[in-house]
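J.: Let me begin by handing over the structure; questions about it come next.
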Amino acid sequence: MTPFSPTRRTCCPSLSRIRGRAPATLEPVHVLEFHQVTKDYLNDGEAVRAVDSISLEVREGEFIALAGPSGCGKSTLLNLAGAMDFPTTGLVLLDGVPTSKLNDAGLTRLRRSKAGFIFQSFQLLDTLTALENVELPLLLAGERETRAAALAQLRNVEMETLADRLPHQLSGGQMQRVAIARALVHSPKVLLADEPTGNLDSVTGRRLLELLRQLNQAHSVTILMATHSLEAIAFASRILHMRDGRIEELQPSL
Amino acid sequence: MTTLRVFHRLFLRPLVHDWLRTSLTVFAVAIGVAVVLAISLAGRAATGSFLSSVESLAGKADLEVTATGGVPGSVVAKLITLPRPLKVEPRIEDYAMAGKEMVPLLGIDLVADAAHGTAERGNLQWLEKGDCVWVSPGLARPRGSTIRLQLNDHSADFKVCGVLNSAASQRGGLIVMDIALAMRELGRKNRVDEVLITLPKQSTLSFSQWEQILRRALPPGVSVQPYGAQAKANRRMLDAFRWNLRILSYIALLVGAFLIYNNLSVSVVRRRAEIGILRALGASRRLIGAGFLGEAAIYGIVGSALGLVLGRFMAQGAVGMIAATVQSLYLTSQPAPISLTPSLILLAFAIGIGVALVSAILPAREAARVAPVEAMARARREYEVRIAKLRHLLIAAVCAIGGAAAAQAPALGGKPLLGYLAALLLVAACVFAIPAFVVGFASLLSPLVRRAGSVEPYLALRTLTGSLRRTSVLLAALATAIAMVVSVGIMVGSFRETVAVWLNNQLQADFYVQPAEPAGVDRYPTMSPEITERVAALPEVRAAGAIRTYPITVKGAPATLAGADTRVLSRYGRTAFVRGENSKSIFARLEAGSSVAVSEPFAIKHGIHSGETLRLPMPQGAVAFRVAGIYHDYSDPRGVILMDRNILLKYLPDPGISGLAIFLKPGVEPDAARGAILQACAGRRVTVVSNRALRTQALRVFDRTFRITYALEAIALAIAVIGMAGALLALVADRRRELGILRFLGCSARQIRKLILCEAAFIGILAILAGFVLGVLLSLILIFVINKQSFGWTIQFHWPVAVLVGAILIIYASTLAAGFYPARLGARLDPIEAVREE
């Protein structure tokens with residue numbers, strides 16, 4: 001698909017709506033599309049290519065594992081996918097919306113509605129309780145009734161009873177569950193997970209991956225997960241191997 | 001060497017890297033040191049000139065002979081003719097106006113000096129030529145020129161017969177004339193102000209034996225005391241004043257100390273993981289603790305060096321203000337040059353480094369305690385602070401009770417030490433109560449802002465309670481500075497209002513006549529008594545009441561003895577007595593002769609109550625008077641003893657007057673009356689001031705007196721605002737991860753900016769609320785304890801609404817302004833970078 005493909009055209013009417021008020025309403029074919037995407041970073045004045053000419057399409061309901069050694073560009077790809085960053089060249093479409101056409105406010109609005117993030121080190125806000133952490137994306141989006149939705153998400157990840165605990169009162173696994181609930185509370189199109197089991201022991205990690213698979217299968221949550229772990233890779237429906245900023249091979253789940 | 005290298009890498013580099021925060025902290029220390037130094041330098045210069053002009057002119061004598069109203073000529077003659085080898089030097093010490101400058105005037109016996117060989121022989125030739133004076137180089141009058149001097153109610157031209165070259169005269173203006181000329185020109189009626197006695201160098205008699213001999217030889221009412229006793233009393237008084245001022249300047253330093261503590265605490269918190277790694281790599285607890293103390297020492301050293309330069313400049317501005325206060329409240333003085341001595345330089349460094357190190361003790365201890373493995377330690381510690389808030393509240397209550405108890409205690413050694421302790425305990429109570437206050441405020445406001453759907457204020461409140469430790473320290477610093485502004489504002493405002501009300505009551509006459517040479521607390525210029533008769537005879541005048549004042553020493557402390565026309569006061573005046581007694585009956589007792597009334601500061605200073613007996617050193621010897629009443633007075637902090645003028649004339653028969661209050665007949669046009677009064681005073685250099693002009697003048701003097709106080713509080717506030725900016729910068733740096741996550745969760749740059757501004761706004765509100773409450777409580781201590789014990793004035797509490805509202809608006813605007821740059825930084829933060837750093 002080229003930048004002038006029908007998908008792009010279908011997305012265009014919604015672009016103005018994202019800039020103005022709300023994200024696109026027309027359903028694109030793919031949740032996430034990368035078209036010849038390159039991302040360069042400046043390191044001590046020298047350009048370093050983190051992502052090199054990647055083209056990729058992610059369908060709704062897919063569970064993709066992004067495997068590869070450290071520094072191969074997995075996190076950069078996730079950031080580009082989640083509208084956290086612009087590509088240097090090429091086009092990234094999140095739910096049909098080209099991220100490079102948006103300003104910072106537009107990107108924020110797109111991210112708010114379409115992407116959810118989970119991180120290796122959980123990244124919960126220390127000052128907020130589990131419930132308040134989960135409510136946060138809704139509050140930032142300007143929603144008023146947030147409690148019920150947040151509690152429902154905590155119930156989904158079996159953390160409802162610990163809703164009033166502060167992060168430091170939770171175990172690693174519990175914190176990551178809260179992080180998942182927070183990432184899903186606003187019903188994003190895609191869940192972007194960066195080494196979600198990296199800080200967990202194997203048992204807790206496995207339980208978490210099972211939870212992700214359950215969410216993927218039962219609720220059709222699209223997941224793009226960067227990981228080193230072979231065990232985590234095994235849970236994905238598609239595996240992408242990255243090396244030096246390129247996707248080397250695409251293969252179905254083991 | 002290795003330790004230094006480690007220190008350089010781990011502590012110095014971050015300081016350079018965080019240059020803006022480092023600069024703000026250093027600047028806060030510098031201003032704190034500068035204020036203390038400036039007040040020391042300026043205080044010494046403003047009061048030092050007084051000491052030099054009195055002490056160095058006096059030469060080196062052993063004893064001084066004084067008497068209320070002056071030492072009679074007969075006593076001087078007796079001293080000179082005593083069959084003892086004594087050096088006897090009668091002196092007149094007064095002031096003269098040379099142009100617009102008030103210059104000390106010294107009358108000495110030049111004939112005797114010449115005879116003793118201490119003066120130039122040539123001087124005698126000059127003396128023969130008539131009115132001859134010697135001037136200091138500062139007056140810039142060459143030998144042979146003419147100088148016009150205003151002395152009491154007349155002015156006269158004098159020949160400049162020489163320019164003084166002694167070290168004493170170099171330090172300011174000085175006029176020397178022969179004592180006979182001085183007595184004539186100042187209308188001393190054969191009395192000198194004091195007689196200095198120098199004992200023979202090789203004497204078999206002891207000092208006290210000489211004192212006894214002289215006492216026996218002199219009539220009652222003349223006192224003999226070791227030379228310098230008067231100056232010592234004055235110095236004690238000035239020391240107390242400078243002590244109070246110094247305490248005020250230390251508040252700026254206290255605010256600076258809070259900020260160093262805050263900065264280092266944040267530094268420790270931020271670098272916990274790093275410290276953990278260092279510990280794991282083998283760094284000892286001592287090394288870590290010493291590292292943080294070293295960091296503080298750097299703030300102290302650089303801040304002190306900068307403070308030295310700043311303080312020197314600030315002293316230049318402060319000296320005029322302090323001199324104005326000294327002149328209004330204590331003594332006539334001219335500011336001396338500011339001299340930065342090695343001891344003051346050492347003091348500045350000791351203060352700067354000392355405060356920095358003391359502020360760093362707790363953070364350094366905390367850093368040293370960091371275990372090699374630290375995970376969620378920070379969040380847990382913040383949580384512990386939240387849990388401990390009730391314990392802190394209890395400590396706050398104990399401090400508040402202690403403060404209230406200390407406020408009830410009397411002065412110690414004439415100083416309101418326990419009053420200051422009470423103030424300090426109240427500040428401590430406020431500091432300990434702040435965590436509970438923040439939590440209470442946030443839990444009250446959070447539901448409201450959530451209901452309103454504003455996420456930024458909600459998150460800001462959660463951040464404040466979430467990082468309670470850091471918030472509390474910052475709030476304590478700001479609240480202390482604000483409390484200082486509020487308390488001093490209320491105290492000065494209340495004082496001003498009290499004085500204004502008192503002036504309204506006290507100044508009932510339509511016009512006041514005074515010698516053109518302005519009076520001061522320690523200056524007693526006089527006018528010719530015939531002015532009273534001439535003015536009283538005017539058809540426009542209903543009554544004219546004269547007053548005569550003298551310096552008097554009671555129990556070693558200087559005061560003013562006043563003789564007033566009590567009949568006029570009783571009929572037309574409105575003197576307010578402390579216990580609300582009827583002024584007419586008290587003035588009737590004064591007129592009867594055996595009673596006096598004393599001013600409130602005098603009564604408090606000497607512990608005298610109504611009905612008690614007061615023994616006054618009169619020329620005829622000690623005379624006992626009954627204290628008929630204590631009246632409110634704000635004109636003289638040293639205290640006034642008021643008696644009927646006719647009674648005073650019995651003891652001191654000099655008919656000269658110090659002032660005249662004129663009451664016009666009803667319906668008389670003031671302008672016409674003024675013309676008639678001026679005509680009646682023709683030939684005399686006097687000023688005729690209307691009631692309104694005198695009130696305005698008095699309040700102008702009042703405002704001038706408190707200018708230094710306002711300046712000090714403004715500086716403390718500036719430090720707090722700098723601290724606020726620094727703390728908010730630290731907040732952004734400290735929360736990079738959190739801000740980054742927020743961006744990942746859908747928070748826009750604008751929301752980040754708003755969030756930080758909301759935090760600044762809430763910190764401002766909390767600091768203002770806490771500072772206001774603390775300030776009001778401190779103002780009560782200032783008004784009813786410290787002021788009462790220092791000066792003896794009763795001040796009615798008054799809300800200076802305009803001043804307070806203005807100050808609070810400025811503070812709030814500054815707090816918000818301090819948040820703009822950090823908010824901009826926060827909004828520009830790269831979220832990917834911020835989250836990856838963790």
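Please note that chains go A, B, ... in the order of the structure tokens, that every chain numbers its residues from 1, and that ligands are numbered from 1 in the order shown.
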Residues of chain A within 8 Å of chain B, using only C-alpha atoms, as a list of chain:residue names?

T.: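 The selection requested is A:Asn79, A:Met84, A:Asp104, A:Ala105, A:Thr108, A:Arg109, A:Arg111, A:Arg112, A:Gly116, A:Phe117, A:Gln123, A:Leu125, A:Asp126, A:Thr127, A:Leu128, A:Leu136, A:Pro137, A:Leu139, A:Leu140, A:Ala141, A:Gly142, A:Glu143, A:Arg144, A:His168, A:Ala183.
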
J.: Using only C-alpha atoms, pick whichever of B:Leu731, B:Leu218, B:Ile401, B:Ala546 has the shortest atom-to-atom distance to Thr471 (chain B).

T.: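 Residue with the minimum atom-to-atom distance to Thr471 (chain B): B:Leu731.
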
J.: What gap, in Å, lies between CA of Ala296 (chain B) and CA of Val473 (chain B)?

T.: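 CA of Val473 (chain B) lies 16.6 Å from CA of Ala296 (chain B).
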
J.: Under the rule that only C-alpha atoms are counted, which of A:Thr161, A:Val185, A:Ala179, A:His241 is the nearest residue to Leu138 (chain A)?

T.: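 Smallest distance to Leu138 (chain A) is found for A:Val185.
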
J.: Set the distance at 8 Å and use only C-alpha atoms: which residues neighbour region 238-251 of chain B once local chain neighbours fewer than 6 positions away are removed? I'd like the list as a short mmCIF file (atom, residue, chain, number, x, y, z; two decimals) with C-alpha atoms, in the first residue's frame.

T.:
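Heads up, here's the output in out.cif:
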```cif
data_model
loop_
_atom_site.label_atom_id
_atom_site.label_comp_id
_atom_site.auth_asym_id
_atom_site.auth_seq_id
_atom_site.Cartn_x
_atom_site.Cartn_y
_atom_site.Cartn_z
CA GLY B 32 20.42 35.85 53.39
CA VAL B 35 21.00 40.99 54.64
CA VAL B 36 22.71 39.96 57.88
CA ILE B 39 22.34 45.14 58.84
CA SER B 40 25.54 44.61 60.83
CA GLY B 43 23.84 49.30 62.14
CA THR B 47 25.19 54.06 65.60
CA VAL B 326 18.12 55.80 65.39
CA TYR B 330 17.20 57.25 70.25
CA LYS B 415 15.47 41.93 76.22
CA ALA B 481 8.44 34.66 54.70
CA MET B 484 7.00 37.90 58.41
CA THR B 709 11.68 47.12 58.65
CA LEU B 712 13.96 43.68 55.48
CA ALA B 716 12.87 37.91 53.00
CA SER B 790 11.46 46.49 74.08
#
```

J.: I want to know what sits within 8 Å of region 199-209 of chain A, based on only C-alpha atoms, with residues of the same chain fewer than 3 positions away left out; could you give that as a list in words?

T.: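 What passes the distance filter is Gln120, Ser121, Gly172, Gly173, Gln176, Arg177, Pro196, Leu212, Arg213, Glu231, Ala232 and Phe235 of chain A.
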
J.: Please produce a file of the residues just selected, as a compact mmCIF listing (two decimals), in the first residue's frame, where the atoms kept are C-alpha atoms.

T.:
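The resulting file, out.txt, is shown below:
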```txt
# COMPACT_ATOMS: atom_id res chain seq x y z
CA GLN A 120 8.40 -2.83 31.60
CA SER A 121 8.63 -0.87 34.87
CA GLY A 172 5.11 -6.18 40.65
CA GLY A 173 2.48 -8.39 39.07
CA GLN A 176 1.40 -4.47 35.92
CA ARG A 177 -2.23 -5.53 36.09
CA PRO A 196 5.60 -6.08 29.94
CA LEU A 212 -3.21 -10.32 27.76
CA ARG A 213 -4.20 -13.28 25.60
CA GLU A 231 7.74 -17.40 26.50
CA ALA A 232 6.03 -14.09 25.76
CA PHE A 235 1.55 -16.06 23.27
```

J.: Using only C-alpha atoms, which residues sit within 12 Å of Ile247 (chain A) once same-chain residues fewer than 6 positions away are excluded, as a PyMOL selection string?

T.: chain A and resi 34+36-38+50-56+65-68+72-74+77+239-241

J.: In Å, how far is it from CA of Ala628 (chain B) to CA of Ala597 (chain B)?

T.: 5.4 Å

J.: CA of Ala290 (chain B) and CA of Ala305 (chain B), how far apart in Å?

T.: 21.9 Å

J.: Neighbouring residues of Leu421 (chain B) were defined as those with any atom within 9 Å, considering only C-alpha atoms; residues of the same chain fewer than 5 positions away were excluded. Please report them as a list in words.

T.: Gly403, Ala406, Ala407, Pro416 and Leu426 of chain B

J.: Pull C-alpha atoms from the residues just selected and write them as a CSV table (one decimal), in the first residue's frame.

T.:
```csv
chain,number,residue,atom,x,y,z
B,403,GLY,CA,5.0,29.4,72.5
B,406,ALA,CA,6.8,31.8,76.6
B,407,ALA,CA,4.7,34.8,75.4
B,416,PRO,CA,12.3,40.1,75.0
B,426,LEU,CA,5.1,29.4,66.7
```

J.: Taking only region 171-260 of chain B into account, list the residues labelled strand (DSSP E) by DSSP (computed from the backbone), as a list in words.

T.: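 Strand (DSSP E) members of region 171-260 of chain B, listed: Ile175, Val176, Met177, Asp178, Arg191, Val192, Glu194, Val195, Leu196, Ile197, Thr198, Val222, Ser223, Val224, Gln225 and Pro226 of chain B.
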
J.: Residues of the last selection are to be written out with C-alpha atoms, as a tab-separated table (two decimals), in the first residue's frame.

T.:
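And here's result.tsv as it stands now:
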```
chain	number	residue	atom	x	y	z
B	175	ILE	CA	31.98	72.53	65.67
B	176	VAL	CA	34.12	73.56	68.62
B	177	MET	CA	33.85	76.90	70.38
B	178	ASP	CA	34.97	78.37	73.65
B	191	ARG	CA	25.45	76.01	83.72
B	192	VAL	CA	27.55	73.50	81.81
B	194	GLU	CA	29.14	68.13	82.28
B	195	VAL	CA	32.54	68.37	83.86
B	196	LEU	CA	35.20	65.82	83.02
B	197	ILE	CA	37.74	65.02	85.69
B	198	THR	CA	41.13	63.50	85.00
B	222	VAL	CA	25.32	66.73	91.46
B	223	SER	CA	26.39	63.25	90.60
B	224	VAL	CA	29.83	61.85	90.06
B	225	GLN	CA	30.22	58.72	88.00
B	226	PRO	CA	32.93	56.92	86.12
```

J.: Here is a test: counting only C-alpha atoms, which residue of A:Gln153, A:Thr129, A:Ser187, A:Asn216 is nearest to Arg165 (chain A)?

T.: A:Thr129

J.: Please provide as a PyMOL selection string all residues within 9 Å of Leu94 (chain A), with the sequence filter that same-chain residues fewer than 6 positions apart are discarded (counting only C-alpha atoms).

T.: chain A and resi 30-34+81-83+110-111+114-115+189-190

J.: Here is a test: counting only C-alpha atoms, which residue of A:Asp194, A:Arg59, A:Leu166, A:Arg49 is nearest to Val221 (chain A)?

T.: A:Arg59
